[in-house]
file upload-v4.cif (mmCIF, C-alpha atoms)
data_upload
loop_
_atom_site.label_atom_id
_atom_site.label_comp_id
_atom_site.auth_asym_id
_atom_site.auth_seq_id
_atom_site.Cartn_x
_atom_site.Cartn_y
_atom_site.Cartn_z
CA MET F 12 37.00 -21.50 -37.24
CA SER F 13 37.99 -25.06 -38.02
CA GLY F 14 38.98 -26.13 -41.51
CA ALA F 15 35.97 -28.47 -41.66
CA LYS F 16 33.67 -25.49 -41.43
CA ARG F 17 35.22 -23.68 -44.38
CA TYR F 18 33.90 -24.07 -47.88
CA TYR F 19 35.60 -22.11 -50.62
CA ARG F 20 36.04 -23.04 -54.28
CA PRO F 21 38.30 -20.56 -56.10
CA GLU F 22 37.33 -22.00 -59.48
CA LEU F 23 33.82 -20.67 -58.92
CA ASP F 24 35.28 -17.19 -58.53
CA GLY F 25 36.85 -17.70 -61.93
CA LEU F 26 33.43 -18.61 -63.31
CA ARG F 27 31.99 -15.46 -61.73
CA PHE F 28 34.46 -13.34 -63.66
CA PHE F 29 33.58 -15.17 -66.87
CA ALA F 30 29.90 -14.42 -66.21
CA PHE F 31 30.75 -10.76 -65.69
CA LEU F 32 32.70 -10.60 -68.97
CA ALA F 33 29.71 -12.10 -70.78
CA VAL F 34 27.39 -9.43 -69.35
CA PHE F 35 30.04 -6.78 -70.06
CA ALA F 36 30.04 -7.79 -73.74
CA PHE F 37 26.25 -7.55 -73.83
CA HIS F 38 26.06 -4.11 -72.25
CA ARG F 39 28.85 -2.86 -74.53
CA MET F 40 26.39 -2.99 -77.40
CA ASP F 41 24.32 -0.27 -75.70
CA TYR F 42 27.20 2.15 -76.28
CA VAL F 43 29.05 0.65 -79.25
CA PRO F 44 26.59 0.08 -82.11
CA THR F 45 27.14 -3.43 -83.49
CA ASP F 46 25.65 -4.12 -86.88
CA PRO F 47 24.10 -7.62 -87.00
CA VAL F 48 24.95 -7.93 -90.71
CA LEU F 49 28.38 -6.28 -91.05
CA ASN F 50 29.61 -7.58 -87.69
CA ARG F 51 27.60 -10.75 -87.42
CA TRP F 52 29.65 -12.59 -84.82
CA GLY F 53 30.36 -9.51 -82.76
CA TYR F 54 26.62 -9.00 -82.54
CA ARG F 55 25.97 -12.65 -81.71
CA VAL F 56 28.62 -12.81 -79.00
CA GLY F 57 27.31 -9.62 -77.45
CA THR F 58 23.71 -10.81 -77.55
CA VAL F 59 24.45 -14.21 -76.04
CA GLY F 60 26.49 -12.48 -73.31
CA ALA F 61 23.28 -11.66 -71.47
CA PHE F 62 23.17 -15.32 -70.43
CA GLY F 63 25.97 -14.54 -68.00
CA VAL F 64 23.23 -13.41 -65.60
CA PRO F 65 21.80 -16.96 -65.25
CA VAL F 66 25.33 -18.13 -64.37
CA PHE F 67 25.30 -15.72 -61.43
CA PHE F 68 21.88 -17.02 -60.37
CA LEU F 69 22.87 -20.69 -60.56
CA LEU F 70 26.13 -20.03 -58.72
CA SER F 71 24.33 -18.19 -55.93
CA ALA F 72 21.75 -20.93 -55.49
CA PHE F 73 24.36 -23.69 -55.43
CA LEU F 74 26.57 -21.95 -52.88
CA ILE F 75 23.73 -20.81 -50.64
CA THR F 76 22.20 -24.30 -50.62
CA GLU F 77 25.57 -25.95 -50.00
CA LEU F 78 26.39 -23.60 -47.12
CA LEU F 79 22.98 -23.96 -45.51
CA LEU F 80 23.18 -27.76 -45.63
CA ARG F 81 26.70 -27.69 -44.20
CA GLU F 82 25.46 -25.38 -41.47
CA ARG F 83 22.78 -27.90 -40.52
CA GLU F 84 25.37 -30.70 -40.44
CA THR F 85 27.85 -28.62 -38.44
CA VAL F 86 25.68 -27.03 -35.76
CA GLY F 87 22.53 -29.13 -36.02
CA ALA F 88 20.23 -26.37 -37.26
CA ILE F 89 19.90 -23.56 -39.78
CA HIS F 90 19.93 -20.11 -38.22
CA VAL F 91 17.57 -18.16 -40.46
CA ARG F 92 18.16 -14.83 -38.76
CA SER F 93 21.93 -15.14 -39.16
CA PHE F 94 21.45 -16.00 -42.83
CA TYR F 95 19.44 -12.84 -43.43
CA VAL F 96 21.97 -10.70 -41.59
CA ARG F 97 24.80 -12.17 -43.69
CA ARG F 98 22.97 -11.47 -46.94
CA ILE F 99 22.05 -7.94 -45.84
CA LEU F 100 25.65 -7.12 -44.96
CA ARG F 101 26.92 -8.52 -48.26
CA ILE F 102 24.32 -7.12 -50.66
CA TRP F 103 22.59 -4.07 -49.26
CA PRO F 104 25.38 -1.54 -48.56
CA LEU F 105 26.81 -1.45 -52.08
CA TYR F 106 23.42 -1.93 -53.73
CA PHE F 107 21.84 1.07 -52.03
CA ALA F 108 24.99 3.15 -52.35
CA VAL F 109 24.98 2.58 -56.12
CA PHE F 110 21.24 3.00 -56.67
CA TYR F 111 20.83 6.20 -54.68
CA GLY F 112 24.25 7.43 -55.77
CA LEU F 113 23.01 7.17 -59.36
CA ALA F 114 19.79 8.97 -58.42
CA LEU F 115 21.88 11.82 -57.00
CA LEU F 116 24.27 11.82 -59.97
CA ASN F 117 21.27 12.02 -62.28
CA ARG F 118 20.70 15.57 -61.01
CA PHE F 119 23.98 16.59 -62.60
CA LEU F 120 24.28 14.03 -65.43
CA PRO F 121 20.80 13.20 -66.72
CA GLY F 122 20.52 9.61 -67.87
CA THR F 123 22.56 8.03 -65.08
CA GLY F 124 19.66 7.36 -62.70
CA THR F 125 15.98 8.00 -62.16
CA ASP F 126 13.92 10.72 -60.49
CA ASN F 127 10.80 8.54 -60.45
CA PRO F 128 9.71 7.93 -56.82
CA TRP F 129 7.88 4.76 -57.86
CA ALA F 130 11.12 3.37 -59.22
CA TRP F 131 12.85 4.36 -55.98
CA LEU F 132 10.18 2.49 -54.02
CA ALA F 133 10.43 -0.59 -56.24
CA PHE F 134 14.21 -0.85 -56.13
CA THR F 135 14.29 -0.12 -52.40
CA GLY F 136 11.87 -3.00 -51.84
CA PHE F 137 13.85 -5.32 -54.16
CA SER F 138 11.06 -5.48 -56.70
CA GLY F 139 12.95 -3.46 -59.30
CA ASN F 140 12.76 -6.34 -61.76
CA TRP F 141 8.96 -6.26 -61.61
CA TYR F 142 9.00 -2.50 -62.11
CA ILE F 143 11.01 -3.01 -65.31
CA THR F 144 8.80 -5.91 -66.38
CA VAL F 145 5.73 -3.65 -66.19
CA ARG F 146 7.11 -0.16 -66.89
CA GLY F 147 10.21 -0.77 -68.99
CA TRP F 148 13.91 0.00 -68.58
CA ILE F 149 15.10 3.06 -66.66
CA ALA F 150 18.67 4.01 -67.53
CA GLY F 151 21.71 2.06 -68.64
CA SER F 152 23.57 2.65 -65.38
CA VAL F 153 20.64 1.39 -63.29
CA ASP F 154 19.64 -1.53 -65.49
CA PRO F 155 21.97 -4.19 -64.00
CA LEU F 156 20.38 -3.75 -60.58
CA TRP F 157 17.21 -5.61 -61.61
CA SER F 158 18.94 -8.95 -61.09
CA ILE F 159 19.75 -8.09 -57.47
CA SER F 160 16.01 -7.89 -56.82
CA VAL F 161 15.55 -11.39 -58.22
CA GLU F 162 18.37 -12.74 -56.05
CA GLU F 163 16.92 -11.12 -52.94
CA GLN F 164 13.56 -12.78 -53.65
CA PHE F 165 15.33 -16.14 -53.74
CA TYR F 166 17.26 -15.35 -50.55
CA LEU F 167 13.99 -14.58 -48.80
CA LEU F 168 12.66 -18.07 -49.51
CA VAL F 169 15.57 -20.51 -49.43
CA PRO F 170 16.57 -20.42 -45.71
CA LEU F 171 12.95 -20.89 -44.64
CA LEU F 172 12.57 -23.90 -46.91
CA ALA F 173 15.88 -25.36 -45.72
CA ALA F 174 15.11 -24.77 -42.03
CA TRP F 175 11.54 -26.02 -42.05
CA GLY F 176 11.61 -28.77 -44.64
CA GLY F 177 15.25 -29.64 -45.28
CA ARG F 178 16.32 -31.34 -48.48
CA ARG F 179 12.83 -32.50 -49.40
CA ALA F 180 11.36 -29.02 -49.24
CA LEU F 181 14.24 -27.57 -51.26
CA ALA F 182 13.86 -30.27 -53.91
CA ALA F 183 10.09 -29.91 -54.10
CA ALA F 184 10.31 -26.13 -54.38
CA SER F 185 12.98 -26.39 -57.08
CA TRP F 186 10.91 -28.72 -59.24
CA LEU F 187 7.92 -26.42 -58.76
CA TRP F 188 10.01 -23.39 -59.81
CA LEU F 189 11.10 -25.24 -62.94
CA ALA F 190 7.53 -26.13 -63.83
CA VAL F 191 6.35 -22.56 -63.28
CA ALA F 192 9.28 -21.18 -65.29
CA TYR F 193 8.55 -23.28 -68.35
CA GLY F 194 4.83 -22.67 -68.12
CA THR F 195 5.63 -18.95 -68.08
CA VAL F 196 8.00 -19.05 -71.06
CA PHE F 197 5.43 -21.10 -72.99
CA LEU F 198 2.85 -18.35 -72.42
CA TYR F 199 5.34 -15.69 -73.50
CA GLY F 200 5.94 -17.68 -76.67
CA LEU F 201 2.21 -17.67 -77.38
CA HIS F 202 2.09 -13.88 -77.13
CA ARG F 203 5.15 -12.66 -79.01
CA SER F 204 5.69 -8.92 -79.39
CA PRO F 205 8.60 -6.84 -80.72
CA GLY F 206 11.11 -5.21 -78.40
CA ASP F 207 11.05 -6.19 -74.76
CA HIS F 208 7.89 -7.65 -73.24
CA GLY F 209 9.25 -8.23 -69.73
CA GLU F 210 10.18 -11.90 -70.01
CA TRP F 211 13.87 -11.39 -69.24
CA THR F 212 13.28 -9.63 -65.90
CA ASN F 213 10.40 -11.86 -64.80
CA SER F 214 11.26 -13.74 -61.60
CA LEU F 215 9.05 -16.66 -62.64
CA VAL F 216 11.32 -17.19 -65.65
CA GLN F 217 14.65 -16.61 -63.96
CA PHE F 218 13.93 -18.81 -60.92
CA GLN F 219 14.68 -21.84 -63.13
CA PHE F 220 18.39 -21.11 -62.61
CA PHE F 221 18.06 -20.94 -58.85
CA ALA F 222 16.18 -24.22 -59.03
CA ALA F 223 18.98 -25.80 -61.04
CA GLY F 224 21.70 -24.57 -58.67
CA THR F 225 19.76 -25.87 -55.68
CA LEU F 226 19.16 -29.27 -57.27
CA ILE F 227 22.83 -29.63 -58.23
CA ALA F 228 23.84 -28.97 -54.62
CA LEU F 229 21.28 -31.50 -53.38
CA LEU F 230 22.39 -34.16 -55.88
CA LEU F 231 26.12 -33.75 -55.34
CA ARG F 232 25.83 -33.80 -51.51
CA GLY F 233 29.10 -31.97 -51.07
CA ARG F 234 30.99 -33.95 -53.70
CA LEU F 235 32.97 -32.33 -56.49
CA VAL F 236 32.89 -33.07 -60.20
CA ARG F 237 35.86 -35.33 -61.03
CA TRP F 238 36.22 -34.77 -64.76
CA SER F 239 39.54 -34.58 -66.58
CA LEU F 240 40.58 -31.24 -68.04
CA PRO F 241 39.82 -32.30 -71.66
CA VAL F 242 36.32 -33.40 -70.64
CA ARG F 243 35.82 -30.11 -68.79
CA ALA F 244 36.91 -28.17 -71.88
CA VAL F 245 34.42 -30.07 -74.04
CA ALA F 246 31.63 -29.53 -71.49
CA PHE F 247 32.41 -25.81 -71.27
CA ALA F 248 32.39 -25.47 -75.07
CA ALA F 249 29.13 -27.45 -75.22
CA GLY F 250 27.61 -25.06 -72.68
CA ILE F 251 28.49 -22.07 -74.84
CA GLY F 252 27.15 -23.97 -77.84
CA CYS F 253 23.81 -24.46 -76.07
CA TRP F 254 23.57 -20.70 -75.52
CA PHE F 255 24.18 -20.02 -79.21
CA GLY F 256 21.73 -22.77 -80.13
CA ALA F 257 19.04 -21.10 -78.04
CA MET F 258 19.65 -17.76 -79.72
CA LEU F 259 20.25 -18.85 -83.32
CA GLY F 260 17.96 -21.86 -83.43
CA PHE F 261 14.99 -20.64 -81.37
CA ARG F 262 15.47 -16.84 -81.10
CA VAL F 263 15.53 -16.94 -77.30
CA GLN F 264 17.43 -13.89 -76.05
CA SER F 265 17.14 -11.17 -73.46
CA TRP F 266 16.08 -8.41 -75.86
CA ASN F 267 13.42 -8.87 -78.54
CA PRO F 268 12.99 -12.64 -78.13
CA GLN F 269 10.83 -14.07 -80.91
CA PRO F 270 10.48 -17.84 -80.37
CA THR F 271 7.36 -19.88 -80.97
CA ALA F 272 5.67 -21.32 -77.90
CA MET F 273 7.46 -24.66 -78.16
CA GLY F 274 10.60 -22.93 -79.40
CA SER F 275 10.54 -20.86 -76.23
CA VAL F 276 10.50 -23.99 -74.09
CA ALA F 277 13.25 -25.62 -76.16
CA GLY F 278 15.37 -22.47 -76.30
CA TRP F 279 15.18 -21.73 -72.61
CA GLY F 280 15.92 -25.40 -71.98
CA LEU F 281 19.13 -24.98 -73.96
CA VAL F 282 20.04 -21.89 -71.93
CA LEU F 283 19.49 -23.88 -68.74
CA VAL F 284 21.45 -26.93 -69.92
CA GLY F 285 24.26 -24.70 -71.17
CA THR F 286 24.46 -22.85 -67.86
CA CYS F 287 24.56 -26.14 -65.95
CA LEU F 288 27.31 -27.46 -68.23
CA LEU F 289 29.42 -24.35 -67.69
CA PHE F 290 29.06 -24.73 -63.94
CA LEU F 291 29.80 -28.47 -63.86
CA ALA F 292 32.78 -27.99 -66.19
CA VAL F 293 34.34 -25.67 -63.63
CA LEU F 294 33.31 -27.16 -60.27
CA GLY F 295 36.16 -29.24 -58.88
CA VAL F 296 38.99 -27.75 -60.94
CA ALA F 297 42.13 -27.97 -58.81
CA GLU F 298 43.16 -24.72 -57.13
CA ARG F 299 46.56 -24.79 -58.83
CA PHE F 300 44.83 -24.20 -62.17
CA VAL F 301 43.09 -21.04 -60.94
CA PRO F 302 45.42 -18.01 -60.96
CA ARG F 303 45.07 -15.80 -57.90
CA TRP F 304 44.37 -12.75 -60.01
CA LEU F 305 41.47 -14.55 -61.68
CA ALA F 306 40.00 -15.66 -58.37
CA TYR F 307 40.33 -12.11 -57.06
CA LEU F 308 38.51 -10.66 -60.06
CA GLY F 309 35.72 -13.10 -59.31
CA ARG F 310 35.66 -11.99 -55.69
CA ILE F 311 35.09 -8.38 -56.73
CA SER F 312 32.57 -9.30 -59.45
CA TYR F 313 29.71 -7.78 -57.45
CA GLY F 314 31.30 -4.36 -57.77
CA LEU F 315 32.27 -5.02 -61.38
CA TYR F 316 28.67 -5.86 -62.16
CA LEU F 317 27.20 -2.81 -60.46
CA PHE F 318 29.70 -0.23 -61.75
CA HIS F 319 30.48 -1.21 -65.34
CA SER F 320 27.34 0.20 -66.99
CA LEU F 321 27.92 3.60 -65.38
CA LEU F 322 31.50 3.58 -66.63
CA PHE F 323 30.36 2.68 -70.15
CA PHE F 324 28.09 5.74 -70.00
CA LEU F 325 30.84 8.02 -68.68
CA VAL F 326 33.46 6.91 -71.22
CA PHE F 327 31.35 6.55 -74.36
CA GLU F 328 28.73 9.25 -73.74
CA GLN F 329 30.01 11.90 -71.35
CA GLY F 330 33.65 11.33 -72.27
CA ARG F 331 33.12 11.05 -76.01
CA PRO F 332 35.14 14.19 -76.94
CA LEU F 333 38.07 13.04 -74.82
CA LEU F 334 37.88 9.51 -76.22
CA ASN F 335 37.72 10.82 -79.79
CA GLY F 336 40.71 13.08 -79.13
CA LEU F 337 42.75 10.25 -77.66
CA ALA F 338 41.84 7.96 -80.57
CA GLY F 339 42.80 10.69 -83.00
CA ALA F 340 46.17 11.21 -81.33
CA LEU F 341 46.82 7.49 -81.63
CA ARG F 342 45.57 7.51 -85.25
CA LEU F 343 42.86 4.98 -84.54
CA GLY F 344 39.82 4.45 -86.72
CA ALA F 345 36.31 3.82 -85.44
CA THR F 346 37.05 0.19 -84.60
CA GLY F 347 40.24 1.11 -82.76
CA ARG F 348 38.45 3.90 -80.90
CA ASN F 349 35.75 1.51 -79.72
CA ALA F 350 38.34 -1.06 -78.67
CA LEU F 351 40.26 1.61 -76.76
CA GLY F 352 37.10 2.78 -75.01
CA THR F 353 36.17 -0.80 -74.11
CA VAL F 354 39.60 -1.44 -72.58
CA LEU F 355 39.31 1.82 -70.62
CA VAL F 356 35.89 0.84 -69.28
CA LEU F 357 37.11 -2.61 -68.26
CA GLY F 358 40.21 -1.20 -66.57
CA LEU F 359 38.22 1.47 -64.76
CA SER F 360 35.62 -1.11 -63.69
CA ILE F 361 38.33 -3.28 -62.14
CA ALA F 362 39.92 -0.28 -60.40
CA VAL F 363 36.63 1.03 -58.98
CA ALA F 364 35.46 -2.44 -57.93
CA HIS F 365 38.81 -3.05 -56.21
CA LEU F 366 38.58 0.21 -54.29
CA SER F 367 34.97 -0.52 -53.35
CA PHE F 368 35.85 -4.01 -52.14
CA ARG F 369 38.87 -2.90 -50.12
CA HIS F 370 37.59 0.33 -48.63
CA PHE F 371 33.80 -0.03 -48.46
CA GLU F 372 32.56 -3.60 -48.74
CA ALA F 373 35.35 -4.97 -46.54
CA TYR F 374 33.92 -3.20 -43.48
CA PHE F 375 30.59 -4.97 -43.84
CA LEU F 376 32.27 -8.27 -44.67
CA ARG F 377 34.09 -8.11 -41.33
CA LEU F 378 30.75 -7.61 -39.58
CA LYS F 379 29.30 -10.47 -41.61
CA ARG F 380 31.84 -12.93 -40.18
CA ARG F 381 30.23 -12.55 -36.75
CA TYR F 382 27.15 -14.29 -38.12
CA THR F 383 28.97 -16.87 -40.24
CA LEU F 384 28.79 -20.49 -39.13
CA VAL F 385 30.31 -22.07 -42.23
CA GLN F 386 33.12 -19.93 -43.58
CA ALA F 387 33.21 -19.08 -47.27
CA ARG F 388 35.41 -16.44 -48.87
CA ASP F 389 33.58 -13.36 -50.19
#

call {"tool": "encode", "arguments": {"input": "upload-v4.cif", "output": "structure tokens"}}
result
Amino acid sequence: MSGAKRYYRPELDGLRFFAFLAVFAFHRMDYVPTDPVLNRWGYRVGTVGAFGVPVFFLLSAFLITELLLRERETVGAIHVRSFYVRRILRIWPLYFAVFYGLALLNRFLPGTGTDNPWAWLAFTGFSGNWYITVRGWIAGSVDPLWSISVEEQFYLLVPLLAAWGGRRALAAASWLWLAVAYGTVFLYGLHRSPGDHGEWTNSLVQFQFFAAGTLIALLLRGRLVRWSLPVRAVAFAAGIGCWFGAMLGFRVQSWNPQPTAMGSVAGWGLVLVGTCLLFLAVLGVAERFVPRWLAYLGRISYGLYLFHSLLFFLVFEQGRPLLNGLAGALRLGATGRNALGTVLVLGLSIAVAHLSFRHFEAYFLRLKRRYTLVQARD
């Protein structure tokens, strides 16, 4: 494979790991109660961490669009069948292993999976997000898998648009997705309700981030962002600020969002702008500034994302007596115990994701290369 056919940006792997850490902080609050009054900023950081999921969506859309356009330039056409095979080999093996592994584990450790055959059908058909939108959440260990359904829905559409209509079709679809997304969030804002009313897992809402990633790829046309490091730092901080502005100023968040109709549009707009700023702040950073360990953690972020909620459950719920005993031996208070448990979960997540990547996913990645026309590192 010639160098011209290879497209890999290690800085985007670093951004993937940042997105995982944000989601990790959010899911930690499911197992470590965080008082919004006594621990105000801990609660706010955890809550805003859910916006790491849109980073994954935007990243996926940008890279998929970029690779498809490079494929057309390199070989003169987009091979839709090869695209689907590549996505199947990358996503399906670990996804199904985790989902049905959790269903089996649920027989022995209730609360890790689901026995509901309708949920099995929904997640098998990559409509798990719609199941949650209508029926509610299943179990902490299963919950992260909803976003894989949303990604698969995007993957179903994008190669067809690129192959049949090229750049114009991708641009038109992206603007349509944005319009539909903001029409949907406006309607949610008109009908506020406490708790979770399905907005967060609704594909019509989340497709705005795929639209943004696609449009960025179309606008850049293969170019990189050439900002200085200070400018990148300011843009990255501004992106985080937009996230906090959406949450604090308009009450847009993944759980129990309570914005007004116009506040919903403004708040989600801030989430979108913030996510774009984070991405643009990172794209084009020289490889020498990206440590190899950081890039590797980004490469295994798929496993990190799928395993970490289960490990939170095992450490903080099933392993509570052991964790309490260890904290007692170290003379740690409640805060120290929770910090120790969090470090254990993160370390175990990295270890399990590494083993999965090396000894399970790697087999399918080797098969995937047979269908790869523009090389990108997984």

call {"tool": "closest_residue", "arguments": {"input": "upload-v4.cif", "among": "F:Ala249, F:Val56, F:Leu201, F:Ala228", "to": "Leu70 (chain F)", "atoms": "all atoms listed in the file"}}
result
F:Ala228

call {"tool": "resolve_selection", "arguments": {"input": "upload-v4.cif", "expression": "the PyMOL selection byres ((chain F and resi 293-308) around 7)", "output": "list in words"}}
result
Pro21, Glu22, Leu23, Asp24, Gly25, Phe28, Leu235, Val236, Arg237, Arg243, Leu289, Phe290, Leu291, Ala292, Gly309, Arg310, Ile311 and Ser312 of chain F

call {"tool": "atom_distance", "arguments": {"input": "upload-v4.cif", "atom1": "CA of Gln329 (chain F)", "atom2": "CA of Thr123 (chain F)"}}
result
10.5 Å

call {"tool": "resolve_selection", "arguments": {"input": "upload-v4.cif", "expression": "the PyMOL selection byres ((chain F and resi 69) around 8)", "output": "PyMOL selection string"}}
result
chain F and resi 65-68+70-73+220-225+286-287

call {"tool": "resolve_selection", "arguments": {"input": "upload-v4.cif", "expression": "the PyMOL selection byres ((chain F and resi 334-336) around 12)", "output": "ChimeraX atom specification"}}
result
/F:323,325-333,337-356

call {"tool": "closest_residue", "arguments": {"input": "upload-v4.cif", "among": "F:Ile102, F:Gly63, F:Arg234, F:Thr45", "to": "Gly285 (chain F)", "atoms": "only C-alpha atoms"}}
result
F:Gly63

call {"tool": "residues_near_point", "arguments": {"input": "upload-v4.cif", "point": "(21.3, -27.2, -46.3)", "cutoff": "9 Å", "atoms": "only C-alpha atoms", "output": "list in words"}}
result
Ile75, Thr76, Glu77, Leu78, Leu79, Leu80, Arg81, Glu82, Arg83, Glu84, Ile89, Pro170, Ala173, Ala174, Gly177, Arg178, Leu181, Ala228 and Leu229 of chain F

call {"tool": "closest_residue", "arguments": {"input": "upload-v4.cif", "among": "F:Arg20, F:Arg118, F:Arg203, F:Arg179", "to": "Ala387 (chain F)", "atoms": "only C-alpha atoms"}}
result
F:Arg20
